[in-house]
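**Q** The structure file query_11.pdb (PDB, C-alpha atoms) is provided below.
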ATOM      1  CA  MET X   1      -2.711   8.237 -15.750
ATOM      2  CA  ALA X   2       0.801   9.136 -16.703
ATOM      3  CA  ASP X   3       2.833   6.684 -18.730
ATOM      4  CA  SER X   4       5.739   7.236 -16.399
ATOM      5  CA  LYS X   5       6.300   5.102 -13.316
ATOM      6  CA  SER X   6       7.557   8.121 -11.428
ATOM      7  CA  VAL X   7       5.370   9.913  -8.980
ATOM      8  CA  ASN X   8       5.129  13.672  -8.848
ATOM      9  CA  THR X   9       7.832  14.664  -6.338
ATOM     10  CA  LYS X  10       5.632  17.223  -4.591
ATOM     11  CA  ILE X  11       2.865  14.657  -4.069
ATOM     12  CA  TYR X  12       5.328  11.993  -2.917
ATOM     13  CA  GLN X  13       6.835  14.398  -0.372
ATOM     14  CA  SER X  14       3.442  15.467   0.950
ATOM     15  CA  VAL X  15       2.320  11.815   1.258
ATOM     16  CA  TYR X  16       5.609  10.870   2.936
ATOM     17  CA  ILE X  17       5.328  13.757   5.431
ATOM     18  CA  LEU X  18       1.696  12.875   6.159
ATOM     19  CA  ALA X  19       2.702   9.249   6.770
ATOM     20  CA  GLU X  20       5.329  10.348   9.281
ATOM     21  CA  GLU X  21       2.841  12.642  11.011
ATOM     22  CA  LEU X  22       0.209   9.873  11.068
ATOM     23  CA  LEU X  23       2.707   7.512  12.720
ATOM     24  CA  GLU X  24       3.591  10.149  15.293
ATOM     25  CA  ALA X  25      -0.068  10.927  16.077
ATOM     26  CA  ASN X  26      -0.792   7.208  16.376
ATOM     27  CA  ASN X  27       2.213   6.600  18.635
ATOM     28  CA  ARG X  28       1.127   9.468  20.890
ATOM     29  CA  GLY X  29      -2.463   8.228  20.958
ATOM     30  CA  ASN X  30      -3.657  11.534  19.507
ATOM     31  CA  GLN X  31      -6.800  10.319  17.724
ATOM     32  CA  PRO X  32      -8.102  13.791  16.730
ATOM     33  CA  ALA X  33      -4.794  14.632  15.007
ATOM     34  CA  PHE X  34      -4.669  11.167  13.419
ATOM     35  CA  ASP X  35      -8.210  11.555  12.047
ATOM     36  CA  GLU X  36      -7.448  15.024  10.677
ATOM     37  CA  LEU X  37      -4.236  13.850   8.983
ATOM     38  CA  LEU X  38      -5.984  10.804   7.533
ATOM     39  CA  ALA X  39      -8.730  13.055   6.135
ATOM     40  CA  THR X  40      -6.034  15.230   4.522
ATOM     41  CA  LEU X  41      -4.411  12.167   2.935
ATOM     42  CA  LYS X  42      -7.782  10.921   1.694
ATOM     43  CA  SER X  43      -8.455  14.348   0.201
ATOM     44  CA  ILE X  44      -5.122  14.253  -1.679
ATOM     45  CA  CYS X  45      -6.020  10.828  -3.068
ATOM     46  CA  LEU X  46      -9.476  11.912  -4.178
ATOM     47  CA  ASP X  47      -8.234  15.213  -5.626
ATOM     48  CA  ASN X  48      -5.603  13.398  -7.707
ATOM     49  CA  GLU X  49      -7.766  10.450  -8.720
ATOM     50  CA  GLY X  50      -8.002  10.116 -12.473
ATOM     51  CA  THR X  51      -5.410  12.839 -13.106
ATOM     52  CA  ASP X  52      -1.784  12.527 -14.155
ATOM     53  CA  LYS X  53      -0.943  12.943 -10.438
ATOM     54  CA  ASP X  54      -2.805   9.737  -9.518
ATOM     55  CA  HIS X  55      -0.244   7.232  -8.209
ATOM     56  CA  PRO X  56      -0.367   3.976  -6.230
ATOM     57  CA  VAL X  57       1.845   5.385  -3.438
ATOM     58  CA  GLN X  58      -0.911   7.672  -2.173
ATOM     59  CA  TRP X  59      -3.546   4.913  -2.162
ATOM     60  CA  GLU X  60      -1.191   2.377  -0.558
ATOM     61  CA  THR X  61      -0.326   4.876   2.173
ATOM     62  CA  LEU X  62      -4.005   5.634   2.775
ATOM     63  CA  ALA X  63      -4.712   1.897   3.039
ATOM     64  CA  ASP X  64      -1.797   1.446   5.457
ATOM     65  CA  PHE X  65      -3.394   3.872   7.912
ATOM     66  CA  THR X  66      -7.050   2.931   7.395
ATOM     67  CA  GLU X  67      -8.310   1.169  10.493
ATOM     68  CA  ASP X  68     -11.385  -0.426   8.877
ATOM     69  CA  TYR X  69     -10.018  -3.637   7.349
ATOM     70  CA  ASP X  70     -12.596  -3.940   4.570
ATOM     71  CA  GLU X  71     -12.003  -0.332   3.549
ATOM     72  CA  ALA X  72      -8.232  -0.865   3.727
ATOM     73  CA  LEU X  73      -8.489  -3.917   1.431
ATOM     74  CA  ALA X  74     -10.531  -1.891  -1.071
ATOM     75  CA  LEU X  75      -7.911   0.875  -0.990
ATOM     76  CA  TYR X  76      -5.081  -1.639  -1.441
ATOM     77  CA  GLN X  77      -6.956  -3.055  -4.442
ATOM     78  CA  LYS X  78      -7.265   0.441  -5.919
ATOM     79  CA  ALA X  79      -3.521   0.971  -5.341
ATOM     80  CA  LEU X  80      -2.736  -2.412  -6.900
ATOM     81  CA  ASP X  81      -4.864  -1.613  -9.956
ATOM     82  CA  LYS X  82      -2.997   1.671 -10.408
ATOM     83  CA  ALA X  83       0.389  -0.030  -9.932
ATOM     84  CA  THR X  84      -0.608  -2.614 -12.547
ATOM     85  CA  GLN X  85      -1.654   0.140 -14.974
ATOM     86  CA  ILE X  86       1.808   1.689 -14.811
ATOM     87  CA  ASN X  87       3.486  -1.740 -14.550
ATOM     88  CA  SER X  88       5.409  -0.817 -11.393
ATOM     89  CA  LYS X  89       6.727  -4.135 -10.077
ATOM     90  CA  ASP X  90       7.907  -2.522  -6.816
ATOM     91  CA  TYR X  91       4.460  -1.196  -5.970
ATOM     92  CA  MET X  92       2.694  -4.298  -7.275
ATOM     93  CA  SER X  93       4.837  -6.457  -4.976
ATOM     94  CA  SER X  94       4.565  -4.313  -1.846
ATOM     95  CA  ILE X  95       0.824  -3.705  -2.209
ATOM     96  CA  ALA X  96       0.012  -7.380  -2.827
ATOM     97  CA  PHE X  97       2.141  -8.283   0.206
ATOM     98  CA  SER X  98       0.344  -5.718   2.399
ATOM     99  CA  MET X  99      -3.013  -7.050   1.216
ATOM    100  CA  ALA X 100      -1.931 -10.607   2.037
ATOM    101  CA  VAL X 101      -0.848  -9.650   5.556
ATOM    102  CA  LEU X 102      -4.244  -8.067   6.192
ATOM    103  CA  GLN X 103      -6.084 -10.991   4.578
ATOM    104  CA  LYS X 104      -4.146 -13.410   6.809
ATOM    105  CA  GLU X 105      -5.265 -11.410   9.856
ATOM    106  CA  LEU X 106      -8.869 -11.632   8.627
ATOM    107  CA  GLY X 107      -8.596 -15.391   8.062
ATOM    108  CA  GLN X 108      -8.845 -14.992   4.273
ATOM    109  CA  ILE X 109      -6.000 -17.452   3.723
ATOM    110  CA  GLU X 110      -6.784 -18.405   0.110
ATOM    111  CA  ALA X 111      -6.944 -14.750  -0.956
ATOM    112  CA  ALA X 112      -3.719 -14.065   0.943
ATOM    113  CA  ILE X 113      -1.975 -16.957  -0.824
ATOM    114  CA  GLU X 114      -3.130 -15.687  -4.224
ATOM    115  CA  ASN X 115      -1.804 -12.198  -3.489
ATOM    116  CA  LEU X 116       1.482 -13.650  -2.254
ATOM    117  CA  LYS X 117       1.848 -15.733  -5.418
ATOM    118  CA  SER X 118       1.321 -12.581  -7.487
ATOM    119  CA  ALA X 119       3.742 -10.644  -5.291
ATOM    120  CA  LYS X 120       6.346 -13.384  -5.673
ATOM    121  CA  ILE X 121       6.107 -13.174  -9.469
ATOM    122  CA  THR X 122       6.323  -9.371  -9.612
ATOM    123  CA  SER X 123       9.084  -9.289  -6.991
ATOM    124  CA  ASN X 124      11.366 -11.230  -9.333
ATOM    125  CA  LYS X 125      11.905  -7.894 -11.107
ATOM    126  CA  ILE X 126      12.664  -5.748  -8.037
ATOM    127  CA  GLU X 127      15.805  -5.118  -5.986
ATOM    128  CA  ASP X 128      14.211  -5.060  -2.495
ATOM    129  CA  LYS X 129      15.604  -8.293  -1.033
ATOM    130  CA  ALA X 130      13.911  -7.762   2.338
ATOM    131  CA  LEU X 131      10.486  -7.568   0.685
ATOM    132  CA  LYS X 132      11.266 -10.633  -1.442
ATOM    133  CA  ASN X 133      12.169 -12.545   1.732
ATOM    134  CA  GLU X 134       9.006 -11.408   3.557
ATOM    135  CA  ILE X 135       6.861 -12.520   0.600
ATOM    136  CA  HIS X 136       8.637 -15.883   0.444
ATOM    137  CA  ASP X 137       8.401 -16.481   4.211
ATOM    138  CA  LEU X 138       4.709 -15.620   4.493
ATOM    139  CA  LEU X 139       3.849 -17.705   1.432
ATOM    140  CA  ALA X 140       5.780 -20.646   2.898
ATOM    141  CA  GLU X 141       4.007 -20.196   6.245
ATOM    142  CA  LEU X 142       0.524 -20.081   4.704
ATOM    143  CA  THR X 143       1.015 -22.934   2.262
ATOM    144  CA  SER X 144       2.530 -25.283   4.867
ATOM    145  CA  GLU X 145      -0.318 -24.947   7.372
TER     146      GLU X 145
END
Before anything else, please render the file you have as structure tokens.
**A**
Amino acid sequence: MADSKSVNTKIYQSVYILAEELLEANNRGNQPAFDELLATLKSICLDNEGTDKDHPVQWETLADFTEDYDEALALYQKALDKATQINSKDYMSSIAFSMAVLQKELGQIEAAIENLKSAKITSNKIEDKALKNEIHDLLAELTSE
């Protein structure tokens, strides 16, 4: 794991392009293309795992497109662990928020609240006001029910 918070530009670009292509395949209902692109993304993650190219962005993106909720939560946790290792508050906040959204959908309200509390703390150090507001709003919604 690199000490730097930055992600290898080449990897970031390939992950970003794959994410766009996954969205397009999904929007068109092209399951074979979606599955092939997802397999490519998973391969990138596994190839980079444990190397200096390993970065939370690839795992978070893989989790975002993983349709099996339990698998997606495991991938988000892996991404969160990697974000914590490099102390990236932006990734820690966005990943914990994504996990909480999924946990809410699954009825795992306590786990969602815990992730939102963590996201709220780490988001104090980021500039993304929209994400801060989403974290705040979902936490307020879940704790007032």
**Q** Have a look at X:Ile126, X:Ala96, X:Leu22, X:Leu73 and name the one nearest to Ile113 in chain X; count all atoms listed in the file.
**A**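 Nearest candidate to Ile113 in chain X out of X:Ile126, X:Ala96, X:Leu22, X:Leu73: X:Ala96.
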**Q** On this file, the PyMOL selection byres ((chain X and resi 66) around 12) gives some set of residues; write that set as a compact mmCIF listing (two decimals) with C-alpha atoms, keeping the file's coordinate frame.
**A**
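The file below, selection.txt, is the result:
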# COMPACT_ATOMS: atom_id res chain seq x y z
CA ALA X 19 2.70 9.25 6.77
CA LEU X 22 0.21 9.87 11.07
CA ASN X 26 -0.79 7.21 16.38
CA PHE X 34 -4.67 11.17 13.42
CA ASP X 35 -8.21 11.56 12.05
CA LEU X 37 -4.24 13.85 8.98
CA LEU X 38 -5.98 10.80 7.53
CA ALA X 39 -8.73 13.06 6.14
CA LEU X 41 -4.41 12.17 2.94
CA LYS X 42 -7.78 10.92 1.69
CA TRP X 59 -3.55 4.91 -2.16
CA GLU X 60 -1.19 2.38 -0.56
CA THR X 61 -0.33 4.88 2.17
CA LEU X 62 -4.00 5.63 2.78
CA ALA X 63 -4.71 1.90 3.04
CA ASP X 64 -1.80 1.45 5.46
CA PHE X 65 -3.39 3.87 7.91
CA GLU X 67 -8.31 1.17 10.49
CA ASP X 68 -11.38 -0.43 8.88
CA TYR X 69 -10.02 -3.64 7.35
CA ASP X 70 -12.60 -3.94 4.57
CA GLU X 71 -12.00 -0.33 3.55
CA ALA X 72 -8.23 -0.86 3.73
CA LEU X 73 -8.49 -3.92 1.43
CA ALA X 74 -10.53 -1.89 -1.07
CA LEU X 75 -7.91 0.88 -0.99
CA TYR X 76 -5.08 -1.64 -1.44
CA LEU X 102 -4.24 -8.07 6.19
**Q** Expressed in Å to a single decimal, how great is the separation between CA of Asn8 in chain X and CA of Lys129 in chain X?
**A**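 Atom-to-atom, CA of Asn8 in chain X and CA of Lys129 in chain X are spaced 25.6 Å apart.
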**Q** Tell me which protein, DNA and RNA residues are within 12 Å of Leu142 in chain X, counting all atoms listed in the file, leaving out same-chain ones fewer than 4 positions away, and put them as a JSON list (two decimals) with C-alpha atoms, keeping the file's coordinate frame.
**A**
[["chain", "number", "residue", "atom", "x", "y", "z"],
["X", 100, "ALA", "CA", -1.93, -10.61, 2.04],
["X", 101, "VAL", "CA", -0.85, -9.65, 5.56],
["X", 103, "GLN", "CA", -6.08, -10.99, 4.58],
["X", 104, "LYS", "CA", -4.15, -13.41, 6.81],
["X", 105, "GLU", "CA", -5.26, -11.41, 9.86],
["X", 107, "GLY", "CA", -8.60, -15.39, 8.06],
["X", 108, "GLN", "CA", -8.85, -14.99, 4.27],
["X", 109, "ILE", "CA", -6.00, -17.45, 3.72],
["X", 110, "GLU", "CA", -6.78, -18.40, 0.11],
["X", 111, "ALA", "CA", -6.94, -14.75, -0.96],
["X", 112, "ALA", "CA", -3.72, -14.06, 0.94],
["X", 113, "ILE", "CA", -1.98, -16.96, -0.82],
["X", 114, "GLU", "CA", -3.13, -15.69, -4.22],
["X", 115, "ASN", "CA", -1.80, -12.20, -3.49],
["X", 116, "LEU", "CA", 1.48, -13.65, -2.25],
["X", 117, "LYS", "CA", 1.85, -15.73, -5.42],
["X", 135, "ILE", "CA", 6.86, -12.52, 0.60],
["X", 136, "HIS", "CA", 8.64, -15.88, 0.44],
["X", 137, "ASP", "CA", 8.40, -16.48, 4.21],
["X", 138, "LEU", "CA", 4.71, -15.62, 4.49]]
**Q** Using only C-alpha atoms, can you list as a PyMOL selection string the residues within 12 Å of (14.6, -2.3, -6.6)?
**A** chain X and resi 88-91+93-94+122-132
**Q** Distance CA of Glu21 in chain X-CA of Asp81 in chain X, one decimal place?
**A**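 CA of Asp81 in chain X lies at a distance of 26.5 Å from CA of Glu21 in chain X.
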**Q** Once N, CA, C and O atoms are restored for range 42-60 of chain X, what would the output be as a PDB file, in the coordinates of the input?
**A**
ATOM      1  N   LYS X  42      -6.665  11.385   2.525  1.00  0.00           N
ATOM      2  CA  LYS X  42      -7.782  10.921   1.694  1.00  0.00           C
ATOM      3  C   LYS X  42      -8.162  11.982   0.671  1.00  0.00           C
ATOM      4  O   LYS X  42      -8.441  11.676  -0.493  1.00  0.00           O
ATOM      5  N   SER X  43      -8.134  13.232   1.092  1.00  0.00           N
ATOM      6  CA  SER X  43      -8.455  14.348   0.201  1.00  0.00           C
ATOM      7  C   SER X  43      -7.442  14.438  -0.944  1.00  0.00           C
ATOM      8  O   SER X  43      -7.819  14.661  -2.103  1.00  0.00           O
ATOM      9  N   ILE X  44      -6.171  14.250  -0.640  1.00  0.00           N
ATOM     10  CA  ILE X  44      -5.122  14.253  -1.679  1.00  0.00           C
ATOM     11  C   ILE X  44      -5.408  13.143  -2.692  1.00  0.00           C
ATOM     12  O   ILE X  44      -5.355  13.358  -3.906  1.00  0.00           O
ATOM     13  N   CYS X  45      -5.725  11.961  -2.180  1.00  0.00           N
ATOM     14  CA  CYS X  45      -6.020  10.828  -3.068  1.00  0.00           C
ATOM     15  C   CYS X  45      -7.201  11.128  -3.986  1.00  0.00           C
ATOM     16  O   CYS X  45      -7.126  10.911  -5.199  1.00  0.00           O
ATOM     17  N   LEU X  46      -8.265  11.634  -3.396  1.00  0.00           N
ATOM     18  CA  LEU X  46      -9.476  11.912  -4.178  1.00  0.00           C
ATOM     19  C   LEU X  46      -9.262  13.061  -5.162  1.00  0.00           C
ATOM     20  O   LEU X  46      -9.748  13.008  -6.294  1.00  0.00           O
ATOM     21  N   ASP X  47      -8.518  14.078  -4.733  1.00  0.00           N
ATOM     22  CA  ASP X  47      -8.234  15.213  -5.626  1.00  0.00           C
ATOM     23  C   ASP X  47      -7.407  14.788  -6.836  1.00  0.00           C
ATOM     24  O   ASP X  47      -7.575  15.314  -7.934  1.00  0.00           O
ATOM     25  N   ASN X  48      -6.501  13.836  -6.634  1.00  0.00           N
ATOM     26  CA  ASN X  48      -5.603  13.398  -7.707  1.00  0.00           C
ATOM     27  C   ASN X  48      -6.167  12.246  -8.534  1.00  0.00           C
ATOM     28  O   ASN X  48      -5.627  11.935  -9.597  1.00  0.00           O
ATOM     29  N   GLU X  49      -7.231  11.628  -8.043  1.00  0.00           N
ATOM     30  CA  GLU X  49      -7.766  10.450  -8.720  1.00  0.00           C
ATOM     31  C   GLU X  49      -8.155  10.777 -10.162  1.00  0.00           C
ATOM     32  O   GLU X  49      -8.835  11.763 -10.435  1.00  0.00           O
ATOM     33  N   GLY X  50      -7.673   9.949 -11.068  1.00  0.00           N
ATOM     34  CA  GLY X  50      -8.002  10.116 -12.473  1.00  0.00           C
ATOM     35  C   GLY X  50      -7.195  11.191 -13.183  1.00  0.00           C
ATOM     36  O   GLY X  50      -7.420  11.452 -14.360  1.00  0.00           O
ATOM     37  N   THR X  51      -6.261  11.822 -12.484  1.00  0.00           N
ATOM     38  CA  THR X  51      -5.410  12.839 -13.106  1.00  0.00           C
ATOM     39  C   THR X  51      -4.026  12.244 -13.345  1.00  0.00           C
ATOM     40  O   THR X  51      -3.746  11.111 -12.937  1.00  0.00           O
ATOM     41  N   ASP X  52      -3.148  13.022 -13.948  1.00  0.00           N
ATOM     42  CA  ASP X  52      -1.784  12.527 -14.155  1.00  0.00           C
ATOM     43  C   ASP X  52      -0.995  12.500 -12.840  1.00  0.00           C
ATOM     44  O   ASP X  52       0.127  12.007 -12.796  1.00  0.00           O
ATOM     45  N   LYS X  53      -1.581  12.993 -11.755  1.00  0.00           N
ATOM     46  CA  LYS X  53      -0.943  12.943 -10.438  1.00  0.00           C
ATOM     47  C   LYS X  53      -1.390  11.722  -9.634  1.00  0.00           C
ATOM     48  O   LYS X  53      -0.920  11.503  -8.524  1.00  0.00           O
ATOM     49  N   ASP X  54      -2.301  10.931 -10.192  1.00  0.00           N
ATOM     50  CA  ASP X  54      -2.805   9.737  -9.518  1.00  0.00           C
ATOM     51  C   ASP X  54      -1.697   8.691  -9.503  1.00  0.00           C
ATOM     52  O   ASP X  54      -1.129   8.356 -10.542  1.00  0.00           O
ATOM     53  N   HIS X  55      -1.357   8.179  -8.332  1.00  0.00           N
ATOM     54  CA  HIS X  55      -0.244   7.232  -8.209  1.00  0.00           C
ATOM     55  C   HIS X  55      -0.533   6.231  -7.092  1.00  0.00           C
ATOM     56  O   HIS X  55      -1.137   6.595  -6.082  1.00  0.00           O
ATOM     57  N   PRO X  56      -0.083   4.989  -7.255  1.00  0.00           N
ATOM     58  CA  PRO X  56      -0.367   3.976  -6.230  1.00  0.00           C
ATOM     59  C   PRO X  56       0.177   4.321  -4.841  1.00  0.00           C
ATOM     60  O   PRO X  56      -0.397   3.898  -3.845  1.00  0.00           O
ATOM     61  N   VAL X  57       1.252   5.094  -4.751  1.00  0.00           N
ATOM     62  CA  VAL X  57       1.845   5.385  -3.438  1.00  0.00           C
ATOM     63  C   VAL X  57       0.847   6.067  -2.510  1.00  0.00           C
ATOM     64  O   VAL X  57       0.791   5.770  -1.314  1.00  0.00           O
ATOM     65  N   GLN X  58       0.028   6.966  -3.045  1.00  0.00           N
ATOM     66  CA  GLN X  58      -0.911   7.672  -2.173  1.00  0.00           C
ATOM     67  C   GLN X  58      -2.007   6.738  -1.675  1.00  0.00           C
ATOM     68  O   GLN X  58      -2.399   6.785  -0.514  1.00  0.00           O
ATOM     69  N   TRP X  59      -2.480   5.846  -2.550  1.00  0.00           N
ATOM     70  CA  TRP X  59      -3.546   4.913  -2.162  1.00  0.00           C
ATOM     71  C   TRP X  59      -3.019   3.848  -1.206  1.00  0.00           C
ATOM     72  O   TRP X  59      -3.709   3.446  -0.271  1.00  0.00           O
ATOM     73  N   GLU X  60      -1.797   3.369  -1.447  1.00  0.00           N
ATOM     74  CA  GLU X  60      -1.191   2.377  -0.558  1.00  0.00           C
ATOM     75  C   GLU X  60      -0.997   2.977   0.841  1.00  0.00           C
ATOM     76  O   GLU X  60      -1.280   2.329   1.848  1.00  0.00           O
TER      77      GLU X  60
END
